[in-house]
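Take a look at the structure set out below.
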Amino acid sequence: MVAFIISVRKISFVNEKGGSGKTTLTINIGAYIASRGKKVLILDMDPQGHIGKSLGLDVKKIDDTIFDALVNEDLKLTDVIRKTSLKNLDIAPSNKFLTDFVINVASHEDRHLKLTKKIDQLNGYDYLLIDCPPSLGLLTVNILLAVTEVIIPVSLTFLALDGCAEIVDTVRTIKRNFAKNDLDITMVVPTFYRNTNMANAILEKLRTYFGNRVSDTIIKFDVKIDQSQSFGKTIYEFAPDSTGAKMMGELAKEVMAIGEGRLKPN
Ligand SMILES: Nc1ncnc2c1ncn2[C@@H]1O[C@H](COP(=O)(O)OP(=O)(O)OP(=O)(O)O)[C@@H](O)[C@H]1O
Ligand SMILES: [Mg+2]
């Protein structure tokens with residue numbers, strides 16, 4: 001008998017620096033991968049609730065969010081997961097109540113593993129994509145313990161490298177303190193690229209430090225991307241022929257290729 005091992009990719013989009021493109025990449029990469037026939041779940045671990053908002057959901061009005069599943073032993077993630085208008089793409093939305101997570105679980109011994117435990121109950125997905133908050137607190141520790149891959153979107157602006165160094169440190173600390181040996185930074189994605197001396201210099205530094213882990217696709221500014229979110233749509237629904245849609249598609253293919261054994265060398 002042939003045994004098939006079905007492994008789910010667990011990918012987090014992390015950068016403590018706000019506005020670096022985490023949510024935009026999570027949604028559009030998720031939508032692209034779903035359109036290739038893979039089952040995708042996006043988990044919104046940011047109290048800003050931007051995943052739901054970007055997909056046209058009024059997150060303020062949702063009763064059961066990822067917060068409820070995390071703090072309630074009796075709730076499963078499947079109880080808060082919603083289908084989207086896109087085939088194969090589901091989301092576990094959040095809203096501002098997720099800020100209460102830290103205080104809610106402060107005295108629990110397993111507070112770092114709340115998300116891991118809930119994810120372990122899931123099946124049927126090929127990809128779990130997690131959108132992170134712009135901070136490195138307990139929510140992010142939960143995320144880093146629950147995933148195996150970290151993708152860092154880096155906006156090519158002044159101070160961007162500071163944020164990167166923080167994440168590298170945090171990943172190292174998590175690996176060491178929690179013996180989480182299967183966690184790696186698998187991709188660094190330059191975002192908001194403009195052809196300026198400063199952007200090119202930052203890009204060069206990223207390539208020197210992260211080598212091949214810097215994605216071949218560089219995400220440029222495209223107003224259609226911003227507009228698509230304001231209309232509650234993915235870039236493929238809003239402007240399928242735009243530069244933004246092409247860039248996101250190329251990047252999503254690179255992300256899928258990591259899983260096909262083409263892990264970029266460190
Ligand atoms: N390539 C792009 N071109 C134009 N606008 C973009 C692009 N990428 C992202 N944006 C816009 O920039 C803003 C910030 O992006 P996004 O929300 O993805 O960042 P974030 O890292 O998730 O932010 P936060 O840290 O607040 O969660 C959004 O309004 C988004 O629509
Ligand atoms: Mg965001």
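We name chains A, B, ... following the order of the structure tokens; residues begin at 1 in each chain, and ligands are numbered from 1 as shown.
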Ligand 2 neighbours within 7 Å using only C-alpha atoms and all ligand atoms, as a ChimeraX atom specification: /A:19,21-23,46,50,131-133
Residues of chain A that approach ligand 1 to 9 Å or less, counting only C-alpha atoms and all ligand atoms: could you list each one with the shortest pair of atoms and its distance in Å to one decimal, rows by chain and increasing residue number, as CSV?
residue,atom,partner,partner_atom_place_in_ligand_line,distance
A:Phe13,CA,ligand 1,21 (O),8.5
A:Val14,CA,ligand 1,21 (O),8.0
A:Asn15,CA,ligand 1,21 (O),6.8
A:Glu16,CA,ligand 1,25 (O),6.8
A:Lys17,CA,ligand 1,25 (O),5.9
A:Gly18,CA,ligand 1,25 (O),3.1
A:Gly19,CA,ligand 1,23 (O),3.3
A:Ser20,CA,ligand 1,21 (O),3.8
A:Gly21,CA,ligand 1,18 (O),3.3
A:Lys22,CA,ligand 1,22 (O),3.8
A:Thr23,CA,ligand 1,22 (O),3.7
A:Thr24,CA,ligand 1,18 (O),3.7
A:Leu25,CA,ligand 1,18 (O),6.4
A:Thr26,CA,ligand 1,18 (O),8.0
A:Ile27,CA,ligand 1,18 (O),8.7
A:Asp46,CA,ligand 1,27 (O),7.0
A:Gln48,CA,ligand 1,27 (O),7.1
A:Gly49,CA,ligand 1,27 (O),8.7
A:His50,CA,ligand 1,27 (O),7.0
A:Ile51,CA,ligand 1,22 (O),8.7
A:Ser54,CA,ligand 1,31 (O),8.4
A:Asp131,CA,ligand 1,22 (O),7.4
A:Cys132,CA,ligand 1,27 (O),7.0
A:Pro133,CA,ligand 1,27 (O),5.6
A:Pro134,CA,ligand 1,25 (O),4.3
A:Ser135,CA,ligand 1,25 (O),8.1
A:Pro153,CA,ligand 1,21 (O),7.4
A:Val154,CA,ligand 1,21 (O),8.6
A:Ser155,CA,ligand 1,21 (O),8.7
A:Thr191,CA,ligand 1,1 (N),6.2
A:Phe192,CA,ligand 1,1 (N),5.3
A:Tyr193,CA,ligand 1,1 (N),7.8
A:Ile219,CA,ligand 1,1 (N),5.5
A:Lys220,CA,ligand 1,1 (N),5.0
A:Phe221,CA,ligand 1,3 (N),3.5
A:Asp222,CA,ligand 1,3 (N),3.9
A:Val223,CA,ligand 1,4 (C),4.6
A:Lys224,CA,ligand 1,4 (C),6.7
A:Ile225,CA,ligand 1,4 (C),5.0
A:Asp226,CA,ligand 1,31 (O),3.4
A:Gln227,CA,ligand 1,31 (O),6.7
A:Ser228,CA,ligand 1,31 (O),7.4
A:Gln229,CA,ligand 1,31 (O),5.6
A:Ser230,CA,ligand 1,31 (O),7.3
A:Gly244,CA,ligand 1,1 (N),6.6
A:Met247,CA,ligand 1,1 (N),8.6
A:Met248,CA,ligand 1,1 (N),8.8
Two-atom distance - CA of Val8 in chain A, CA of Tyr127 in chain A (Å):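 Atom-to-atom, CA of Val8 in chain A and CA of Tyr127 in chain A are spaced 5.5 Å apart.
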Which of range 15-262 of chain A fall in strand (DSSP E or B), as a ChimeraX atom specification: /A:40-44,82-83,89-92,127-131,149-155,184-191,193,214,220
Selection export as a CSV table (one decimal), in the first residue's frame, atoms kept: C-alpha atoms:
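As written to disk, part.csv reads:
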chain,number,residue,atom,x,y,z
A,40,VAL,CA,-6.4,27.9,1.4
A,41,LEU,CA,-7.3,29.3,4.9
A,42,ILE,CA,-6.2,32.8,5.9
A,43,LEU,CA,-6.1,33.4,9.6
A,44,ASP,CA,-6.3,37.1,10.7
A,82,ARG,CA,-16.1,31.6,6.8
A,83,LYS,CA,-16.1,30.9,3.2
A,89,LEU,CA,-10.5,30.4,-0.1
A,90,ASP,CA,-11.7,30.6,3.5
A,91,ILE,CA,-10.9,33.1,6.3
A,92,ALA,CA,-10.9,33.1,10.1
A,127,TYR,CA,-2.1,26.3,2.9
A,128,LEU,CA,-2.6,28.2,6.1
A,129,LEU,CA,-1.6,31.8,5.7
A,130,ILE,CA,-1.4,34.0,8.8
A,131,ASP,CA,-1.6,37.8,8.7
A,149,GLU,CA,7.6,29.5,7.5
A,150,VAL,CA,8.1,33.3,7.9
A,151,ILE,CA,7.7,35.6,5.0
A,152,ILE,CA,8.9,39.2,5.6
A,153,PRO,CA,7.5,41.9,3.4
A,154,VAL,CA,9.9,44.9,3.6
A,155,SER,CA,8.9,48.3,2.4
A,184,ASP,CA,12.6,29.5,9.2
A,185,ILE,CA,12.5,32.7,7.3
A,186,THR,CA,11.8,31.4,3.9
A,187,MET,CA,11.3,34.6,1.9
A,188,VAL,CA,11.9,38.3,2.1
A,189,VAL,CA,9.7,40.3,-0.2
A,190,PRO,CA,10.7,43.9,-1.2
A,191,THR,CA,7.5,46.0,-1.4
A,193,TYR,CA,9.6,49.6,-4.7
A,214,VAL,CA,14.9,37.7,-1.3
A,220,LYS,CA,6.1,48.0,-6.9
Nearest to Lys61 in chain A by atom-to-atom distance, counting only C-alpha atoms, from A:Lys87, A:Ile29, A:Phe97, A:Phe238: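 Residue with the minimum atom-to-atom distance to Lys61 in chain A: A:Phe97.
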Among listed residues A:Ile202, A:Leu77, A:Lys53, A:Phe67, nearest Phe158 in chain A (using only C-alpha atoms):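 Using only C-alpha atoms, Phe158 in chain A sits closest to A:Ile202.
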Interatomic distance, CA of Leu115 in chain A to CA of Leu98 in chain A (Å, one decimal): 12.6 Å
For CA of Thr140 in chain A and CA of Val80 in chain A, the interatomic separation in Å (one decimal):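 About the pair CA of Thr140 in chain A and CA of Val80 in chain A: they are 19.9 Å apart.
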